[in-house]
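Listing of start_18.tsv; format and content: TSV, C-alpha atoms.
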chain	number	residue	atom	x	y	z
H	1	MET	CA	212.83	76.67	140.64
H	2	LYS	CA	211.10	79.13	138.33
H	3	VAL	CA	207.48	80.17	138.82
H	4	LEU	CA	205.23	82.15	136.47
H	5	PHE	CA	202.09	83.85	137.73
H	6	VAL	CA	199.57	84.76	135.01
H	7	ALA	CA	196.62	87.08	135.51
H	8	THR	CA	194.47	89.17	133.21
H	9	VAL	CA	195.53	92.42	134.96
H	10	ARG	CA	198.46	93.72	137.04
H	11	SER	CA	196.27	94.67	140.01
H	12	HIS	CA	195.17	91.06	140.47
H	13	ILE	CA	198.77	90.00	141.04
H	14	GLY	CA	199.37	92.92	143.41
H	15	GLN	CA	196.21	92.41	145.45
H	16	PHE	CA	196.06	88.62	145.71
H	17	HIS	CA	199.33	86.87	144.85
H	18	MET	CA	202.06	88.94	146.53
H	19	PRO	CA	202.10	86.88	149.78
H	20	PHE	CA	202.72	83.73	147.73
H	21	ILE	CA	205.32	85.46	145.57
H	22	LYS	CA	207.22	86.71	148.63
H	23	GLU	CA	207.18	83.25	150.20
H	24	LEU	CA	208.46	81.65	147.00
H	25	LYS	CA	211.24	84.26	146.79
H	26	ALA	CA	212.20	83.54	150.41
H	27	HIS	CA	212.72	79.91	149.38
H	28	GLY	CA	215.01	80.87	146.50
H	29	CYS	CA	212.58	80.73	143.60
H	30	THR	CA	212.69	83.00	140.58
H	31	VAL	CA	209.21	84.50	140.19
H	32	ASP	CA	207.94	86.07	136.97
H	33	ALA	CA	204.50	87.45	136.15
H	34	ALA	CA	202.50	88.01	132.97
H	35	PHE	CA	199.54	90.39	132.83
H	36	LYS	CA	197.96	93.39	131.15
H	37	ASP	CA	199.18	96.59	132.82
H	38	ASN	CA	196.25	98.39	134.42
H	39	SER	CA	198.34	100.51	136.77
H	40	ALA	CA	196.72	103.69	135.42
H	41	ASP	CA	193.41	102.47	136.89
H	42	LYS	CA	194.87	101.04	140.11
H	43	PRO	CA	198.19	102.71	140.97
H	44	GLY	CA	200.41	102.08	143.97
H	45	LEU	CA	200.70	98.30	144.03
H	46	ASP	CA	204.24	97.15	144.80
H	47	LEU	CA	205.44	94.38	142.51
H	48	SER	CA	209.13	94.85	143.24
H	49	ALA	CA	209.50	91.23	144.46
H	50	ILE	CA	208.82	89.95	140.93
H	51	ASP	CA	211.94	89.19	138.90
H	52	ASN	CA	210.56	89.63	135.37
H	53	VAL	CA	207.32	91.09	134.10
H	54	TYR	CA	205.77	90.21	130.74
H	55	GLU	CA	202.99	92.43	129.44
H	56	VAL	CA	200.31	90.46	127.64
H	57	PRO	CA	197.43	92.25	125.86
H	58	PHE	CA	194.64	90.30	127.56
H	59	PHE	CA	191.14	91.67	127.21
H	60	LYS	CA	187.83	90.74	128.74
H	61	LYS	CA	184.80	90.38	126.55
H	62	SER	CA	181.40	90.77	128.12
H	63	VAL	CA	178.96	88.06	127.19
H	64	GLN	CA	175.26	88.60	127.52
H	65	LEU	CA	173.08	85.58	128.06
Structure translated into structure tokens:
Amino acid sequence: MKVLFVATVRSHIGQFHMPFIKELKAHGCTVDAAFKDNSADKPGLDLSAIDNVYEVPFFKKSVQL
């Protein structure tokens, strides 16, 4: 089975989804991730369990009400 995790930034995957990714890998899944690379702002997160990484130029736009 193939699984794709998508998040706006790399650090979100590293901080919140790695336990799920590791469990999926332990069950034989191929796990890919797509995100904007913000590793310059938040370095040191280990994403080595991910098979393929796709950089997507997501951006957040602030909306004032």
Exercise. In terms of the shortest atom-to-atom distance over only C-alpha atoms, which of H:Leu47, H:Val6, H:Ala33, H:Leu65 is closest to Met18 of chain H?
Worked result: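 Among H:Leu47, H:Val6, H:Ala33, H:Leu65, it is H:Leu47 that comes nearest to Met18 of chain H.
Proximity to Ala7 of chain H was assessed for H:Pro19, H:Pro57, H:Gly28, H:Gly44 counting all atoms listed in the file; the smallest distance is recorded for H:Pro57.
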For this session: For atom CA of Lys25 of chain H and atom CA of Ala49 of chain H, determine how far apart the two atoms are, in Å to one decimal place.
Result: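 Calculated distance between atom CA of Lys25 of chain H and atom CA of Ala49 of chain H is 7.6 Å.
A straight line drawn from atom CA of Gln15 of chain H to atom CA of Lys60 of chain H is 18.8 Å long.
Distance annotation: of H:Asp41, H:Asp32, H:Glu23, H:Glu55, the residue with the minimal separation from Thr8 of chain H is H:Glu55; atom set is all atoms listed in the file.
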Problem set entry | Long-range neighbours of Leu24 of chain H as a list in words, 12 Å cut-off, only C-alpha atoms, 5 positions minimum in chain | Met1, Lys2, Val3, Leu4, Phe5, His17, Met18, Pro19, Cys29, Thr30, Val31, Asp32, Ala49, Ile50 and Asp51 of chain H
Exercise. When you draw a straight line from atom CA of Lys61 of chain H to atom CA of Ile13 of chain H, how long is it in Å?
Worked result: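 Computed distance, atom CA of Lys61 of chain H to atom CA of Ile13 of chain H, equals 20.1 Å.
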